[in-house]
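Working notes, beginning with the structure itself.
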Amino acid sequence: VMLSRARHGMIILGSVPTIRKDKHATLLNKAVDYLEHLGAVKSWIEIQCDRHKEPQSVSSAKDLRDRAPDGGCALPCKTRLDCGHMCPRCCHVETLGAHSKAFCQESCPLQLPCKHPCKRLCSQPCGGCKEVLTEWKAPCSHKQRD
């Protein structure tokens, strides 16, 4: 059925030696003979990242995991998150709203009302100041007693 239904192209993944051993796969053997005659039987497939357009040859599952770990390619994503930081992942397939729902793992760049830097991650609410003061000076220049 697959051979008669292909309209725009077809990729068959499999082992030619295994097909050749099966004496009941006569139609598939004829298709393999024809494809070999055309030089279309390869031990690899070519994939291409939609964003970076760089073609790559893949001949094993390990190659695919290494070259397209998140469905894109191994280059950095470089998309800005809503917070302004860069997406830390390698190039990935963009699912609807993925970057707006991402949890940024960078340090929070904000300053608290007390002027201390926020010590949390960018994706976490700042909360209150957790700094421990060792010395405190009153605005009127009095000093704290021990």
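How things are named: the first chain in the structure tokens is A, the next is B, and so on; residues count from 1 in each chain; ligands count from 1 in the order shown.
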| Those of region 43-145 of chain A in DSSP helix (DSSP H, G or I), formatted as a PyMOL selection string | chain A and resi 61-67
| field | Ile12 (chain A) environment, 12 Å, only C-alpha atoms, sequence neighbours closer than 4 positions dropped, as a VMD selection string | value | chain A and resid 2 to 3 6 16 19 28 31 to 32 35 40 to 45
| field | Between CA of Asn29 (chain A) and CA of Ile47 (chain A) - distance in Å to one decimal | value |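 Straight-line distance from CA of Ile47 (chain A) to CA of Asn29 (chain A) works out to 25.8 Å.
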| message | Can you tell me, as a ChimeraX atom specification, which residues in chain A count as strand (DSSP E or B) by DSSP? | response | /A:45-48,55-58,70-76,80,86,90-92,107,111,117,121,137,143
Would you export the selected residues with N, CA and C atoms as a PDB file, in the first residue's frame, please?
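Wrote selection-v4.pdb, looks like this:
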ATOM      1  N   ILE A  45      20.258   9.374   6.409  1.00  0.00           N
ATOM      2  CA  ILE A  45      19.245  10.313   5.922  1.00  0.00           C
ATOM      3  C   ILE A  45      19.745  11.725   6.220  1.00  0.00           C
ATOM      4  N   GLU A  46      19.257  12.663   5.466  1.00  0.00           N
ATOM      5  CA  GLU A  46      19.641  14.054   5.679  1.00  0.00           C
ATOM      6  C   GLU A  46      18.502  14.756   6.401  1.00  0.00           C
ATOM      7  N   ILE A  47      18.851  15.433   7.487  1.00  0.00           N
ATOM      8  CA  ILE A  47      17.869  16.224   8.233  1.00  0.00           C
ATOM      9  C   ILE A  47      18.283  17.695   8.156  1.00  0.00           C
ATOM     10  N   GLN A  48      17.325  18.572   8.408  1.00  0.00           N
ATOM     11  CA  GLN A  48      17.626  20.002   8.359  1.00  0.00           C
ATOM     12  C   GLN A  48      16.812  20.729   9.409  1.00  0.00           C
ATOM     13  N   PRO A  55      21.873  21.458   6.637  1.00  0.00           N
ATOM     14  CA  PRO A  55      21.625  20.020   6.481  1.00  0.00           C
ATOM     15  C   PRO A  55      22.698  19.190   7.194  1.00  0.00           C
ATOM     16  N   GLN A  56      22.258  18.067   7.752  1.00  0.00           N
ATOM     17  CA  GLN A  56      23.168  17.167   8.458  1.00  0.00           C
ATOM     18  C   GLN A  56      22.806  15.726   8.128  1.00  0.00           C
ATOM     19  N   SER A  57      23.810  14.879   8.017  1.00  0.00           N
ATOM     20  CA  SER A  57      23.585  13.453   7.760  1.00  0.00           C
ATOM     21  C   SER A  57      23.477  12.715   9.073  1.00  0.00           C
ATOM     22  N   VAL A  58      22.490  11.839   9.152  1.00  0.00           N
ATOM     23  CA  VAL A  58      22.240  11.053  10.361  1.00  0.00           C
ATOM     24  C   VAL A  58      22.170   9.588   9.957  1.00  0.00           C
ATOM     25  N   ASP A  70      16.727  18.414  20.729  1.00  0.00           N
ATOM     26  CA  ASP A  70      15.371  18.874  21.054  1.00  0.00           C
ATOM     27  C   ASP A  70      14.529  19.085  19.804  1.00  0.00           C
ATOM     28  N   GLY A  71      14.898  18.415  18.709  1.00  0.00           N
ATOM     29  CA  GLY A  71      14.130  18.521  17.480  1.00  0.00           C
ATOM     30  C   GLY A  71      14.601  19.608  16.538  1.00  0.00           C
ATOM     31  N   GLY A  72      15.516  20.454  16.979  1.00  0.00           N
ATOM     32  CA  GLY A  72      16.068  21.500  16.110  1.00  0.00           C
ATOM     33  C   GLY A  72      17.447  21.075  15.659  1.00  0.00           C
ATOM     34  N   CYS A  73      18.469  21.728  16.192  1.00  0.00           N
ATOM     35  CA  CYS A  73      19.863  21.347  15.936  1.00  0.00           C
ATOM     36  C   CYS A  73      20.656  21.601  17.207  1.00  0.00           C
ATOM     37  N   ALA A  74      21.945  21.418  17.173  1.00  0.00           N
ATOM     38  CA  ALA A  74      22.771  21.553  18.376  1.00  0.00           C
ATOM     39  C   ALA A  74      23.236  22.994  18.624  1.00  0.00           C
ATOM     40  N   LEU A  75      22.880  23.939  17.753  1.00  0.00           N
ATOM     41  CA  LEU A  75      23.252  25.340  17.979  1.00  0.00           C
ATOM     42  C   LEU A  75      22.405  25.925  19.111  1.00  0.00           C
ATOM     43  N   PRO A  76      22.889  26.978  19.786  1.00  0.00           N
ATOM     44  CA  PRO A  76      22.087  27.597  20.854  1.00  0.00           C
ATOM     45  C   PRO A  76      20.799  28.205  20.298  1.00  0.00           C
ATOM     46  N   ARG A  80      15.076  35.366  22.971  1.00  0.00           N
ATOM     47  CA  ARG A  80      14.943  36.088  24.237  1.00  0.00           C
ATOM     48  C   ARG A  80      13.655  35.652  24.937  1.00  0.00           C
ATOM     49  N   MET A  86      18.464  35.134  27.512  1.00  0.00           N
ATOM     50  CA  MET A  86      18.426  34.230  26.360  1.00  0.00           C
ATOM     51  C   MET A  86      17.943  32.846  26.804  1.00  0.00           C
ATOM     52  N   CYS A  90      19.468  24.352  23.654  1.00  0.00           N
ATOM     53  CA  CYS A  90      19.934  24.332  22.275  1.00  0.00           C
ATOM     54  C   CYS A  90      18.695  24.486  21.394  1.00  0.00           C
ATOM     55  N   CYS A  91      18.904  24.743  20.125  1.00  0.00           N
ATOM     56  CA  CYS A  91      17.817  24.977  19.182  1.00  0.00           C
ATOM     57  C   CYS A  91      16.764  23.872  19.338  1.00  0.00           C
ATOM     58  N   HIS A  92      15.509  24.270  19.423  1.00  0.00           N
ATOM     59  CA  HIS A  92      14.445  23.288  19.675  1.00  0.00           C
ATOM     60  C   HIS A  92      13.211  23.614  18.857  1.00  0.00           C
ATOM     61  N   SER A 107      20.293  34.377  37.337  1.00  0.00           N
ATOM     62  CA  SER A 107      20.111  35.153  38.570  1.00  0.00           C
ATOM     63  C   SER A 107      19.197  36.334  38.287  1.00  0.00           C
ATOM     64  N   GLN A 111      16.773  44.800  41.931  1.00  0.00           N
ATOM     65  CA  GLN A 111      17.222  45.280  43.225  1.00  0.00           C
ATOM     66  C   GLN A 111      15.987  45.401  44.108  1.00  0.00           C
ATOM     67  N   PRO A 117      20.643  43.334  46.240  1.00  0.00           N
ATOM     68  CA  PRO A 117      20.262  42.593  45.033  1.00  0.00           C
ATOM     69  C   PRO A 117      19.383  41.395  45.401  1.00  0.00           C
ATOM     70  N   LEU A 121      16.335  33.161  41.624  1.00  0.00           N
ATOM     71  CA  LEU A 121      16.397  32.989  40.178  1.00  0.00           C
ATOM     72  C   LEU A 121      15.415  33.957  39.522  1.00  0.00           C
ATOM     73  N   LYS A 137      23.417  51.525  60.750  1.00  0.00           N
ATOM     74  CA  LYS A 137      23.582  52.940  61.053  1.00  0.00           C
ATOM     75  C   LYS A 137      22.226  53.607  60.876  1.00  0.00           C
ATOM     76  N   LYS A 143      24.604  55.247  66.450  1.00  0.00           N
ATOM     77  CA  LYS A 143      25.076  53.892  66.183  1.00  0.00           C
ATOM     78  C   LYS A 143      24.382  52.901  67.105  1.00  0.00           C
TER      79      LYS A 143
END
| message | For Lys130 (chain A), find every residue with an atom within 10 Å (counting only C-alpha atoms), except residues of its own chain fewer than 2 positions away, and show them as a list of chain:residue names. | response |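 The residues satisfying every condition are A:His116, A:Cys118, A:Lys119, A:Gly127, A:Gly128, A:Val132, A:Leu133.
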